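One file, protein00.cif, is given below (mmCIF, C-alpha atoms; chains and numbers go by the auth columns).
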```cif
data_work
#
loop_
_atom_site.group_PDB
_atom_site.id
_atom_site.type_symbol
_atom_site.label_atom_id
_atom_site.label_comp_id
_atom_site.label_asym_id
_atom_site.label_seq_id
_atom_site.Cartn_x
_atom_site.Cartn_y
_atom_site.Cartn_z
_atom_site.B_iso_or_equiv
_atom_site.auth_seq_id
_atom_site.auth_asym_id
ATOM 1 C CA MET A 1 -95.922 118.686 -16.026 0.00 1 A
ATOM 2 C CA LEU A 2 -99.330 118.785 -14.341 0.00 2 A
ATOM 3 C CA ASN A 3 -97.756 120.185 -11.184 0.00 3 A
ATOM 4 C CA ARG A 4 -96.195 123.002 -13.213 0.00 4 A
ATOM 5 C CA ILE A 5 -99.570 123.798 -14.750 0.00 5 A
ATOM 6 C CA LYS A 6 -101.177 123.954 -11.309 0.00 6 A
ATOM 7 C CA ALA A 7 -98.391 126.220 -10.059 0.00 7 A
ATOM 8 C CA VAL A 8 -98.886 128.669 -12.920 0.00 8 A
ATOM 9 C CA ILE A 9 -102.645 128.805 -12.436 0.00 9 A
ATOM 10 C CA THR A 10 -102.268 129.320 -8.687 0.00 10 A
ATOM 11 C CA ALA A 11 -99.821 132.173 -9.259 0.00 11 A
ATOM 12 C CA ALA A 12 -102.230 133.802 -11.677 0.00 12 A
ATOM 13 C CA VAL A 13 -105.038 133.660 -9.172 0.00 13 A
ATOM 14 C CA LEU A 14 -102.906 135.054 -6.348 0.00 14 A
ATOM 15 C CA LEU A 15 -101.333 137.827 -8.390 0.00 15 A
ATOM 16 C CA GLY A 16 -104.382 138.757 -10.399 0.00 16 A
ATOM 17 C CA GLY A 17 -107.095 138.664 -7.807 0.00 17 A
ATOM 18 C CA VAL A 18 -109.828 141.299 -7.743 0.00 18 A
ATOM 19 C CA SER A 19 -108.344 144.415 -6.159 0.00 19 A
ATOM 20 C CA ALA A 20 -111.561 145.991 -4.882 0.00 20 A
ATOM 21 C CA SER A 21 -112.211 144.792 -1.362 0.00 21 A
ATOM 22 C CA GLN A 22 -115.737 144.189 -0.195 0.00 22 A
ATOM 23 C CA ALA A 23 -117.220 144.423 3.275 0.00 23 A
ATOM 24 C CA ASP A 24 -118.532 141.216 4.802 0.00 24 A
ATOM 25 C CA VAL A 25 -121.853 142.956 5.458 0.00 25 A
ATOM 26 C CA ILE A 26 -123.317 145.623 3.186 0.00 26 A
ATOM 27 C CA ILE A 27 -126.515 147.586 3.755 0.00 27 A
ATOM 28 C CA ASN A 28 -127.647 149.482 0.684 0.00 28 A
ATOM 29 C CA VAL A 29 -130.178 152.321 1.078 0.00 29 A
ATOM 30 C CA GLU A 30 -131.791 153.077 -2.267 0.00 30 A
ATOM 31 C CA GLN A 31 -134.705 154.972 -3.782 0.00 31 A
ATOM 32 C CA VAL A 32 -137.062 152.435 -5.387 0.00 32 A
ATOM 33 C CA GLY A 33 -139.979 154.204 -7.041 0.00 33 A
ATOM 34 C CA SER A 34 -141.613 156.388 -4.407 0.00 34 A
ATOM 35 C CA ASN A 35 -140.072 154.429 -1.520 0.00 35 A
ATOM 36 C CA ILE A 36 -136.721 154.097 0.210 0.00 36 A
ATOM 37 C CA VAL A 37 -135.575 150.491 0.609 0.00 37 A
ATOM 38 C CA ALA A 38 -132.655 149.404 2.786 0.00 38 A
ATOM 39 C CA THR A 39 -131.390 145.928 1.942 0.00 39 A
ATOM 40 C CA GLY A 40 -128.633 144.159 3.834 0.00 40 A
ATOM 41 C CA SER A 41 -126.793 140.870 3.477 0.00 41 A
ATOM 42 C CA GLY A 42 -123.561 139.133 4.406 0.00 42 A
ATOM 43 C CA THR A 43 -121.888 137.323 7.267 0.00 43 A
ATOM 44 C CA ILE A 44 -120.433 138.648 10.527 0.00 44 A
ATOM 45 C CA ASN A 45 -117.419 137.587 12.587 0.00 45 A
ATOM 46 C CA LEU A 46 -118.150 138.251 16.274 0.00 46 A
ATOM 47 C CA THR A 47 -114.973 136.715 17.699 0.00 47 A
ATOM 48 C CA SER A 48 -113.303 139.964 18.777 0.00 48 A
ATOM 49 C CA LEU A 49 -116.449 141.751 20.039 0.00 49 A
ATOM 50 C CA THR A 50 -117.858 142.281 23.530 0.00 50 A
ATOM 51 C CA ASN A 51 -121.536 141.464 23.888 0.00 51 A
ATOM 52 C CA GLY A 52 -123.998 143.610 25.799 0.00 52 A
ATOM 53 C CA SER A 53 -127.478 142.761 27.063 0.00 53 A
ATOM 54 C CA PRO A 54 -130.124 141.656 24.539 0.00 54 A
ATOM 55 C CA ASN A 55 -132.588 144.339 23.476 0.00 55 A
ATOM 56 C CA HIS A 56 -135.793 144.317 21.476 0.00 56 A
ATOM 57 C CA PHE A 57 -135.380 146.276 18.253 0.00 57 A
ATOM 58 C CA ASP A 58 -137.262 147.185 15.104 0.00 58 A
ATOM 59 C CA GLY A 59 -135.947 148.215 11.720 0.00 59 A
ATOM 60 C CA TYR A 60 -134.771 151.816 12.068 0.00 60 A
ATOM 61 C CA ILE A 61 -132.696 154.540 10.450 0.00 61 A
ATOM 62 C CA ALA A 62 -131.209 157.643 12.080 0.00 62 A
ATOM 63 C CA PRO A 63 -128.460 158.892 9.752 0.00 63 A
ATOM 64 C CA GLY A 64 -127.493 161.812 11.988 0.00 64 A
ATOM 65 C CA VAL A 65 -126.221 159.344 14.617 0.00 65 A
ATOM 66 C CA ALA A 66 -125.106 156.638 12.160 0.00 66 A
ATOM 67 C CA GLU A 67 -127.806 154.135 13.021 0.00 67 A
ATOM 68 C CA VAL A 68 -129.450 151.792 10.543 0.00 68 A
ATOM 69 C CA VAL A 69 -131.038 148.442 11.331 0.00 69 A
ATOM 70 C CA VAL A 70 -132.827 146.346 8.698 0.00 70 A
ATOM 71 C CA GLY A 71 -135.124 143.368 9.082 0.00 71 A
ATOM 72 C CA SER A 72 -138.137 142.317 11.098 0.00 72 A
ATOM 73 C CA SER A 73 -138.728 143.208 14.747 0.00 73 A
ATOM 74 C CA ALA A 74 -136.867 140.841 17.102 0.00 74 A
ATOM 75 C CA TYR A 75 -134.585 140.556 20.116 0.00 75 A
ATOM 76 C CA MET A 76 -130.961 141.115 19.244 0.00 76 A
ATOM 77 C CA ASN A 77 -127.552 141.448 20.838 0.00 77 A
ATOM 78 C CA MET A 78 -125.597 144.698 20.668 0.00 78 A
ATOM 79 C CA TRP A 79 -121.845 144.198 20.268 0.00 79 A
ATOM 80 C CA THR A 80 -119.509 147.066 21.166 0.00 80 A
ATOM 81 C CA ILE A 81 -116.941 147.954 18.522 0.00 81 A
ATOM 82 C CA LEU A 82 -114.305 150.654 18.335 0.00 82 A
ATOM 83 C CA PRO A 83 -115.547 154.201 17.705 0.00 83 A
ATOM 84 C CA GLY A 84 -116.255 154.733 14.033 0.00 84 A
ATOM 85 C CA PRO A 85 -118.288 157.023 11.780 0.00 85 A
ATOM 86 C CA LYS A 86 -120.947 158.979 13.684 0.00 86 A
ATOM 87 C CA SER A 87 -123.239 159.986 10.823 0.00 87 A
ATOM 88 C CA PHE A 88 -124.175 159.428 7.178 0.00 88 A
ATOM 89 C CA GLY A 89 -126.757 162.212 7.021 0.00 89 A
ATOM 90 C CA ALA A 90 -128.499 164.949 8.989 0.00 90 A
ATOM 91 C CA ASN A 91 -131.594 163.428 10.627 0.00 91 A
ATOM 92 C CA ILE A 92 -130.793 162.590 14.270 0.00 92 A
ATOM 93 C CA TYR A 93 -134.321 161.594 15.279 0.00 93 A
ATOM 94 C CA GLY A 94 -134.723 158.658 12.968 0.00 94 A
ATOM 95 C CA SER A 95 -137.622 156.897 11.326 0.00 95 A
ATOM 96 C CA TYR A 96 -139.245 153.472 11.555 0.00 96 A
ATOM 97 C CA PRO A 97 -140.034 151.627 8.301 0.00 97 A
ATOM 98 C CA ASN A 98 -143.495 150.751 7.066 0.00 98 A
ATOM 99 C CA SER A 99 -142.567 147.154 6.276 0.00 99 A
ATOM 100 C CA THR A 100 -139.704 144.760 6.993 0.00 100 A
ATOM 101 C CA THR A 101 -138.526 141.284 6.017 0.00 101 A
ATOM 102 C CA GLY A 102 -135.813 138.846 7.072 0.00 102 A
ATOM 103 C CA ASP A 103 -133.138 138.967 9.752 0.00 103 A
ATOM 104 C CA LEU A 104 -132.759 141.974 12.032 0.00 104 A
ATOM 105 C CA PHE A 105 -129.212 143.381 12.008 0.00 105 A
ATOM 106 C CA GLY A 106 -127.261 146.570 11.440 0.00 106 A
ATOM 107 C CA MET A 107 -125.496 149.378 13.287 0.00 107 A
ATOM 108 C CA GLY A 108 -126.927 151.238 16.270 0.00 108 A
ATOM 109 C CA GLY A 109 -126.088 152.800 19.590 0.00 109 A
ATOM 110 C CA ALA A 110 -123.898 155.649 18.349 0.00 110 A
ATOM 111 C CA ASN A 111 -125.964 158.038 20.468 0.00 111 A
ATOM 112 C CA MET A 112 -124.893 155.987 23.513 0.00 112 A
ATOM 113 C CA GLY A 113 -121.244 156.839 22.948 0.00 113 A
ATOM 114 C CA ASP A 114 -120.092 153.661 21.174 0.00 114 A
ATOM 115 C CA ASN A 115 -121.052 152.087 17.896 0.00 115 A
ATOM 116 C CA LYS A 116 -123.055 148.908 18.483 0.00 116 A
ATOM 117 C CA LEU A 117 -123.159 146.109 15.930 0.00 117 A
ATOM 118 C CA CYS A 118 -126.601 144.511 16.141 0.00 118 A
ATOM 119 C CA THR A 119 -127.225 140.826 15.418 0.00 119 A
ATOM 120 C CA PRO A 120 -130.124 138.461 16.176 0.00 120 A
ATOM 121 C CA VAL A 121 -129.979 136.750 19.575 0.00 121 A
ATOM 122 C CA GLY A 122 -128.297 133.382 19.084 0.00 122 A
ATOM 123 C CA TYR A 123 -126.520 134.407 15.895 0.00 123 A
ATOM 124 C CA VAL A 124 -123.419 132.307 15.181 0.00 124 A
ATOM 125 C CA SER A 125 -120.388 133.856 13.444 0.00 125 A
ATOM 126 C CA GLY A 126 -120.194 133.130 9.750 0.00 126 A
ATOM 127 C CA PHE A 127 -123.869 132.383 9.130 0.00 127 A
ATOM 128 C CA SER A 128 -125.566 134.343 6.357 0.00 128 A
ATOM 129 C CA LEU A 129 -127.823 137.282 7.218 0.00 129 A
ATOM 130 C CA SER A 130 -130.375 138.881 4.929 0.00 130 A
ATOM 131 C CA GLY A 131 -133.024 141.490 5.673 0.00 131 A
ATOM 132 C CA SER A 132 -134.715 144.617 4.367 0.00 132 A
ATOM 133 C CA SER A 133 -136.783 147.597 5.492 0.00 133 A
ATOM 134 C CA THR A 134 -139.010 149.863 3.397 0.00 134 A
ATOM 135 C CA TRP A 135 -140.060 153.454 4.079 0.00 135 A
ATOM 136 C CA ASN A 136 -143.109 154.303 1.985 0.00 136 A
ATOM 137 C CA ASN A 137 -143.376 157.634 0.177 0.00 137 A
ATOM 138 C CA GLN A 138 -139.959 158.799 1.302 0.00 138 A
ATOM 139 C CA THR A 139 -136.891 160.203 -0.450 0.00 139 A
ATOM 140 C CA TYR A 140 -133.222 160.532 0.457 0.00 140 A
ATOM 141 C CA ALA A 141 -133.959 164.100 1.518 0.00 141 A
ATOM 142 C CA THR A 142 -136.969 163.343 3.723 0.00 142 A
ATOM 143 C CA LEU A 143 -135.072 160.576 5.524 0.00 143 A
ATOM 144 C CA GLY A 144 -132.085 162.885 5.921 0.00 144 A
ATOM 145 C CA VAL A 145 -129.500 160.586 4.325 0.00 145 A
ATOM 146 C CA THR A 146 -126.645 161.903 2.178 0.00 146 A
ATOM 147 C CA LEU A 147 -126.812 160.432 -1.329 0.00 147 A
ATOM 148 C CA GLY A 148 -123.590 158.880 -2.582 0.00 148 A
ATOM 149 C CA THR A 149 -121.961 158.262 0.799 0.00 149 A
ATOM 150 C CA SER A 150 -120.437 154.944 1.850 0.00 150 A
ATOM 151 C CA THR A 151 -119.788 154.560 5.563 0.00 151 A
ATOM 152 C CA THR A 152 -117.733 151.652 6.914 0.00 152 A
ATOM 153 C CA TRP A 153 -117.133 150.345 10.434 0.00 153 A
ATOM 154 C CA ASN A 154 -114.194 147.987 11.016 0.00 154 A
ATOM 155 C CA TRP A 155 -113.361 145.708 13.921 0.00 155 A
ATOM 156 C CA GLY A 156 -111.013 142.859 14.772 0.00 156 A
ATOM 157 C CA THR A 157 -107.561 142.131 13.353 0.00 157 A
ATOM 158 C CA GLY A 158 -106.062 139.357 11.278 0.00 158 A
ATOM 159 C CA ALA A 159 -108.344 136.342 11.103 0.00 159 A
ATOM 160 C CA THR A 160 -111.039 138.135 13.141 0.00 160 A
ATOM 161 C CA ALA A 161 -111.105 141.303 10.993 0.00 161 A
ATOM 162 C CA ASP A 162 -114.540 142.235 9.684 0.00 162 A
ATOM 163 C CA SER A 163 -116.574 145.240 8.593 0.00 163 A
ATOM 164 C CA LEU A 164 -120.016 146.627 7.863 0.00 164 A
ATOM 165 C CA THR A 165 -120.669 149.209 5.154 0.00 165 A
ATOM 166 C CA VAL A 166 -123.758 151.377 4.659 0.00 166 A
ATOM 167 C CA HIS A 167 -124.054 152.706 1.102 0.00 167 A
ATOM 168 C CA ILE A 168 -126.568 155.435 0.208 0.00 168 A
ATOM 169 C CA GLY A 169 -127.731 155.276 -3.399 0.00 169 A
ATOM 170 C CA PRO A 170 -127.911 152.697 -6.182 0.00 170 A
ATOM 171 C CA ALA A 171 -126.112 149.482 -5.303 0.00 171 A
ATOM 172 C CA ALA A 172 -122.359 149.717 -5.716 0.00 172 A
ATOM 173 C CA PRO A 173 -121.179 147.858 -8.846 0.00 173 A
ATOM 174 C CA THR A 174 -119.684 144.413 -8.433 0.00 174 A
ATOM 175 C CA ALA A 175 -115.908 144.468 -8.439 0.00 175 A
ATOM 176 C CA VAL A 176 -114.454 143.891 -11.900 0.00 176 A
ATOM 177 C CA PRO A 177 -111.062 142.213 -12.424 0.00 177 A
ATOM 178 C CA GLU A 178 -108.282 144.516 -13.578 0.00 178 A
ATOM 179 C CA PRO A 179 -106.701 144.108 -17.044 0.00 179 A
ATOM 180 C CA THR A 180 -103.691 142.397 -15.450 0.00 180 A
ATOM 181 C CA THR A 181 -106.008 139.701 -14.149 0.00 181 A
ATOM 182 C CA TYR A 182 -107.228 138.930 -17.658 0.00 182 A
ATOM 183 C CA ALA A 183 -103.649 138.942 -18.944 0.00 183 A
ATOM 184 C CA LEU A 184 -102.521 136.440 -16.312 0.00 184 A
ATOM 185 C CA LEU A 185 -105.525 134.268 -17.016 0.00 185 A
ATOM 186 C CA CYS A 186 -104.713 134.236 -20.728 0.00 186 A
ATOM 187 C CA ILE A 187 -101.107 133.305 -19.964 0.00 187 A
ATOM 188 C CA SER A 188 -102.306 130.473 -17.734 0.00 188 A
ATOM 189 C CA LEU A 189 -104.636 129.141 -20.419 0.00 189 A
ATOM 190 C CA GLY A 190 -101.836 129.399 -22.969 0.00 190 A
ATOM 191 C CA VAL A 191 -99.512 127.367 -20.739 0.00 191 A
ATOM 192 C CA VAL A 192 -102.203 124.736 -20.258 0.00 192 A
ATOM 193 C CA GLY A 193 -102.810 124.509 -24.008 0.00 193 A
ATOM 194 C CA PHE A 194 -99.108 124.253 -24.756 0.00 194 A
ATOM 195 C CA ALA A 195 -98.636 121.573 -22.098 0.00 195 A
ATOM 196 C CA ARG A 196 -101.491 119.484 -23.449 0.00 196 A
ATOM 197 C CA LYS A 197 -100.161 119.765 -26.984 0.00 197 A
ATOM 198 C CA LYS A 198 -96.700 118.683 -25.852 0.00 198 A
ATOM 199 C CA MET A 199 -98.097 115.748 -23.886 0.00 199 A
ATOM 200 C CA LYS A 200 -100.045 114.544 -26.941 0.00 200 A
ATOM 201 C CA HIS A 201 -96.896 114.927 -29.069 0.00 201 A
ATOM 202 C CA ASN A 202 -94.869 112.819 -26.597 0.00 202 A
ATOM 203 C CA GLU A 203 -97.605 110.189 -26.505 0.00 203 A
ATOM 204 C CA GLN A 204 -97.546 110.011 -30.318 0.00 204 A
ATOM 205 C CA LEU A 205 -93.767 109.568 -30.357 0.00 205 A
ATOM 206 C CA THR A 206 -94.056 106.772 -27.809 0.00 206 A
ATOM 207 C CA MET A 207 -96.652 104.975 -29.921 0.00 207 A
ATOM 208 C CA ASP A 208 -94.554 105.376 -33.071 0.00 208 A
ATOM 209 C CA ASN A 209 -91.566 103.839 -31.326 0.00 209 A
#
```
Structure encoded using structure tokens:
Amino acid sequence: MLNRIKAVITAAVLLGGVSASQADVIINVEQVGSNIVATGSGTINLTSLTNGSPNHFDGYIAPGVAEVVVGSSAYMNMWTILPGPKSFGANIYGSYPNSTTGDLFGMGGANMGDNKLCTPVGYVSGFSLSGSSTWNNQTYATLGVTLGTSTTWNWGTGATADSLTVHIGPAAPTAVPEPTTYALLCISLGVVGFARKKMKHNEQLTMDN
């Protein structure tokens, strides 16, 4: 009986999973008061990427060439990925932030011909990254970014597949389960309740006998 319950619950999870996929790394560029703040977090799978020479970088944004790097100044590796989006705005010259915190990572190098995924030197696949950069007294317009755009770079296949998304505007809402997910969950809970009731009934019959 318990095995049947587990099977039903597993099926519900597999069939009713959240449909909205999420990138493993997301950088959100948002207006916060009079400032623009870019905040990034996630993990990166480097298995399928080719590493170039380490470079010293600072936080930076150049939407016209699809470059955005968040976090504090540091040496980082630039990993070549397949050609992807080349812009998420108009400003090709870029701008350095007034303040930064956390790990340095992001997307750069589009003006060199290939998109370059940037990670801290010594970064190990799967470890969490978190960093931010702030541009004081700036707006979407003055930085040259296009409000409402979401730009995604993909690399790898199968187990090595990964992605980085840059979203311009208020943080994208967390994925919400579809109605079918709730329905399957209710069915699962109903099966569990019924099974428990039946088990108690059988136990009572055994005791009476």
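Counting all atoms listed in the file, the residue from A:Leu104, A:Val29, A:Ala74, A:Val145 that sits nearest to Cys118 in chain A is A:Leu104.
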As lines of an AutoDock Vina configuration file, please report the centre and edge lengths, rounded to one decimal in Å, of the axis-aligned box that holds all listed atoms of range 55-65 of chain A with 4 Å of padding on each of the six sides.
```
center_x = -131.7
center_y = 153.1
center_z = 16.6
size_x = 19.0
size_y = 25.5
size_z = 21.7
```
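Here the PyMOL selection byres ((chain A and resi 54) around 8) matches the residues Gly52, Ser53, Asn55, His56, Tyr75, Met76, Asn77, Met78 and Val121 of chain A.
Across A:Leu147, A:Pro97, A:Ile92, A:Gly122, the tightest approach to Pro170 in chain A is made by A:Leu147 when counting only C-alpha atoms.
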Worksheet entry | Selection result for the PyMOL selection byres ((chain A and resi 159-167) around 8) on this file, as a PyMOL selection string | chain A and resi 23-29+44-48+148-158+168-169+171-172
I need the residues from that last selection saved to file as a tab-separated table (two decimals), keeping the file's coordinate frame (with C-alpha atoms), if you can.
```tsv
chain	number	residue	atom	x	y	z
A	23	ALA	CA	-117.22	144.42	3.28
A	24	ASP	CA	-118.53	141.22	4.80
A	25	VAL	CA	-121.85	142.96	5.46
A	26	ILE	CA	-123.32	145.62	3.19
A	27	ILE	CA	-126.52	147.59	3.76
A	28	ASN	CA	-127.65	149.48	0.68
A	29	VAL	CA	-130.18	152.32	1.08
A	44	ILE	CA	-120.43	138.65	10.53
A	45	ASN	CA	-117.42	137.59	12.59
A	46	LEU	CA	-118.15	138.25	16.27
A	47	THR	CA	-114.97	136.72	17.70
A	48	SER	CA	-113.30	139.96	18.78
A	148	GLY	CA	-123.59	158.88	-2.58
A	149	THR	CA	-121.96	158.26	0.80
A	150	SER	CA	-120.44	154.94	1.85
A	151	THR	CA	-119.79	154.56	5.56
A	152	THR	CA	-117.73	151.65	6.91
A	153	TRP	CA	-117.13	150.34	10.43
A	154	ASN	CA	-114.19	147.99	11.02
A	155	TRP	CA	-113.36	145.71	13.92
A	156	GLY	CA	-111.01	142.86	14.77
A	157	THR	CA	-107.56	142.13	13.35
A	158	GLY	CA	-106.06	139.36	11.28
A	168	ILE	CA	-126.57	155.44	0.21
A	169	GLY	CA	-127.73	155.28	-3.40
A	171	ALA	CA	-126.11	149.48	-5.30
A	172	ALA	CA	-122.36	149.72	-5.72
```
Practice prompt. For Thr50 in chain A, work out the shell of residues within 8 Å, counting all atoms listed in the file and skipping chain neighbours fewer than 3 positions away, then give it as a PyMOL selection string.
Written response: chain A and resi 79-81
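Residues matched by the PyMOL selection byres ((chain A and resi 107) around 8) in this file are Ala66, Glu67, Val68, Val69, Phe105, Gly106, Gly108, Gly109, Asn115, Lys116, Leu117 and Cys118 of chain A.
Minimum distance to Gly59 in chain A across A:Phe127, A:Tyr140, A:Phe88, A:Tyr96 (counting only C-alpha atoms) occurs at A:Tyr96.
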Discussion item. Calculated over only C-alpha atoms, which of the candidates A:Asn91, A:Thr119, A:Asn98, A:Thr39 has the smallest distance to Thr142 in chain A?
Written reply: A:Asn91
Practice prompt. Work out how far apart CA of Asn35 in chain A and CA of Asp103 in chain A are and give it in Å to one decimal.
Written response: 20.4 Å
Response to the item:
Atom pair CA of Ser34 in chain A + CA of Thr139 in chain A, distance 7.2 Å
Practice prompt. Figure out the distance between CA of Leu143 in chain A and CA of Gln31 in chain A, please, to one decimal in Å.
Written response: 10.9 Å
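With all atoms listed in the file as the atoms that count, the minimum distance from Gly40 in chain A to the choices A:Val70, A:Thr134, A:Ser128, A:Thr146 is reached by A:Val70.
Using all atoms listed in the file for every distance, the candidate list A:Gly144, A:Gly131, A:Gly71, A:Gly94 yields A:Gly71 as the residue closest to Asp58 in chain A.
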